[in-house]
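Only one structure is covered here, and it is reproduced in the block below.
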Amino acid sequence: MEGLLYIIGVTLAWVLIAATIIHVIMDNRQPAKTMAWALVIFFIPVVGIVFYLFFGINHRRERMVSQRSMDQLTKRSMLNFVEQEDFRIPERQRQLVDLFVNQSMALPFKNNQIDIMTDGYSFFPELLSDIAAARHHIHIDVYIFDDDALGRLIADALIDKARSGVEVRIIYDDVGCWSVRRSFFEHMRAAGIEIAPFLPVHFPSFTSKANYRDHRKIFVIDGTIGYIGGMNIALRYVKGTASQPWRDTMWRITGSAIYGLQRDFLVDWYFVDRTLVTNRIYYPPISLSALSNNCVVQIVTSGPTEDYPEIMQGFVRTILAARRYVYIETPYLLPNEPVLFALKTAAVGGVDVRIICPLRSDARFTDWASRSYLRELHEAGAKVYLYGAGFLHSKIMVSDDALSTCGSTNLDSRSFENNFEANAFVYDESTALRMKKIFLDDLAMSTPLHQLPERIAPRFTRRLWESLTRLVSPLL
């Protein structure tokens, strides 16, 4: 009898393993990711199946916001878009602009000013000043809102504004804030702040969506000032970690592009709160008395429920369209095949491709998995550098003194396929030149990869470990 039960148990286990692998195969995702999941499920089935249920099921074909609601949420920003006069899109960038417009109505806006902040010491005082000056509403959409000294300072500032009658809405990622006490958010809610978690993970209803996180960093104040970039609300974005300082990039945007930031926040708010906010008061007229230029900005979002990974497509398009150079900063480099192929193609074709990554990452396993990619790009002719003056969390790209982008998107499969991300794409020479200077300043504090023998020619055991971690990099 015991033998029969054993045979039945083993048979059922193999049926479950086979069914799960078939489900992975039938999803028709990238072959590398399919093989990675299949290998994990086959060789460590218990862990593999549990992880697949939590982190592997593909939800790209699901719609989280109906098309009708999207049309309503886009209508206000479209009204302001059609009112733009003497609007000119740079001819070289027209196809990229059209790509974003055609796929998600990510509309381009002229008449903008971009202020660049490269550390928390410059960003957070500016944000607090804008919060203090808010008169109608404050909208915040972040991955992490930590209950530390900085988080409490900003929470108190927001509570003061809410009590004075300013509308305050906050979206935070449930997984990103797992370590934050719920009483921290309840204190803000009790003061009149509307606050909602993004995709809360409650077993078992959201089990399969634990892997799909809101990684965006969007701030909108009174519909006239906005921020986008790589910084969350946590003290480490100012002081750094125990072992190294923090280097990051945020853009403060004033001008018509705020309509795009506002629209994207309100889409997310509708998803988390089911409140459709479309009043024109959230899209106030932009005064052009002191700001009239052809600095064109598109706010682009992407996520696992959209038809295509738009920001990834924008990166690929930018890299392949570069004629002279493309400079990139990213804290994590685990590119999927399209991005890796584009970078290598550009480098082999004579484009000056330079990439800066941190010398020491805050994610050790990810650091190991990225090393073979860095060598592969180096061998293709790209210039790879490792930033040694702290942890580089900056996520920027600049190309040909014409285009630059900054946002929340890393050069890894998680950002391209699993996370909800947001980037600003700017078509403006002045902004590109300023971003280029920031890149070159960071380059001066970085070490070329070829000057690090242990990275270029690691011992056999290290190379084997790097290859094994790369094997599962599509799942990281």
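Naming works like this for the structure tokens: A, B, ... for the chains as they're shown, residue 1 at the start of each chain, ligands 1 onward in shown order.
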
**Q.** Shell around Ser394 (chain A) at 7 Å using only C-alpha atoms, local window under 4 positions removed, as a ChimeraX atom specification
**A.** /A:230,247-249,329-331

Each residue of region 116-222 of chain A lying at most 9 Å from region 282-302 of chain A should get a row with its shortest atom-to-atom pair and the distance in Å to one decimal, counting only C-alpha atoms; could you produce that, ordered by chain and increasing number, as JSON lines?
```
{"residue": "A:His136", "atom": "CA", "partner": "A:Tyr282", "partner_atom": "CA", "distance": 8.8}
{"residue": "A:His137", "atom": "CA", "partner": "A:Tyr282", "partner_atom": "CA", "distance": 8.2}
{"residue": "A:Arg216", "atom": "CA", "partner": "A:Thr301", "partner_atom": "CA", "distance": 8.6}
{"residue": "A:Asp222", "atom": "CA", "partner": "A:Tyr282", "partner_atom": "CA", "distance": 7.1}
```

Take the residues from that selection and write them out as a short mmCIF file (atom, residue, chain, number, x, y, z; two decimals), in the first residue's frame, keeping C-alpha atoms.
```
data_model
loop_
_atom_site.label_atom_id
_atom_site.label_comp_id
_atom_site.auth_asym_id
_atom_site.auth_seq_id
_atom_site.Cartn_x
_atom_site.Cartn_y
_atom_site.Cartn_z
CA HIS A 136 -4.41 72.85 -4.73
CA HIS A 137 -3.00 69.31 -4.97
CA ARG A 216 7.70 54.62 -11.03
CA ASP A 222 -0.55 71.87 -8.57
#
```

Q.
Nearest residue to Lys436 (chain A) out of A:Thr345, A:Gln95, A:Thr405, A:Ser129, using only C-alpha atoms?
A.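 The answer is A:Thr405, which sits nearest to Lys436 (chain A).
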
Can you list every residue of region 111-150 of chain A that has an atom at most 10 Å from region 185-195 of chain A, with its nearest atom pair and the distance in Å to one decimal, using only C-alpha atoms, ordered by chain then number, as a Markdown table?
```
| residue | atom | partner | partner_atom | distance |
| --- | --- | --- | --- | --- |
| A:Ile138 | CA | A:Ile193 | CA | 9.8 |
| A:His139 | CA | A:Glu194 | CA | 9.7 |
| A:Ile140 | CA | A:Ile195 | CA | 9.4 |
| A:Asp141 | CA | A:Ile195 | CA | 10.0 |
| A:Phe145 | CA | A:Phe185 | CA | 9.2 |
| A:Asp146 | CA | A:Phe185 | CA | 9.9 |
| A:Asp147 | CA | A:Phe185 | CA | 8.9 |
```

(Q) Which residues are close to region 360-376 of chain A, i.e. within 6 Å by only C-alpha atoms, leaving aside same-chain residues fewer than 2 positions away? Reply as an MDAnalysis selection string. (A) chainID A and resid 333:334 358 378:379 466 469:470

Q | Residue with smallest distance to Ala196 (chain A) - pool A:Thr254, A:Thr275, A:Ser164, A:Asn423, counting only C-alpha atoms | A |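 For Ala196 (chain A), the nearest of the candidates is A:Thr275.
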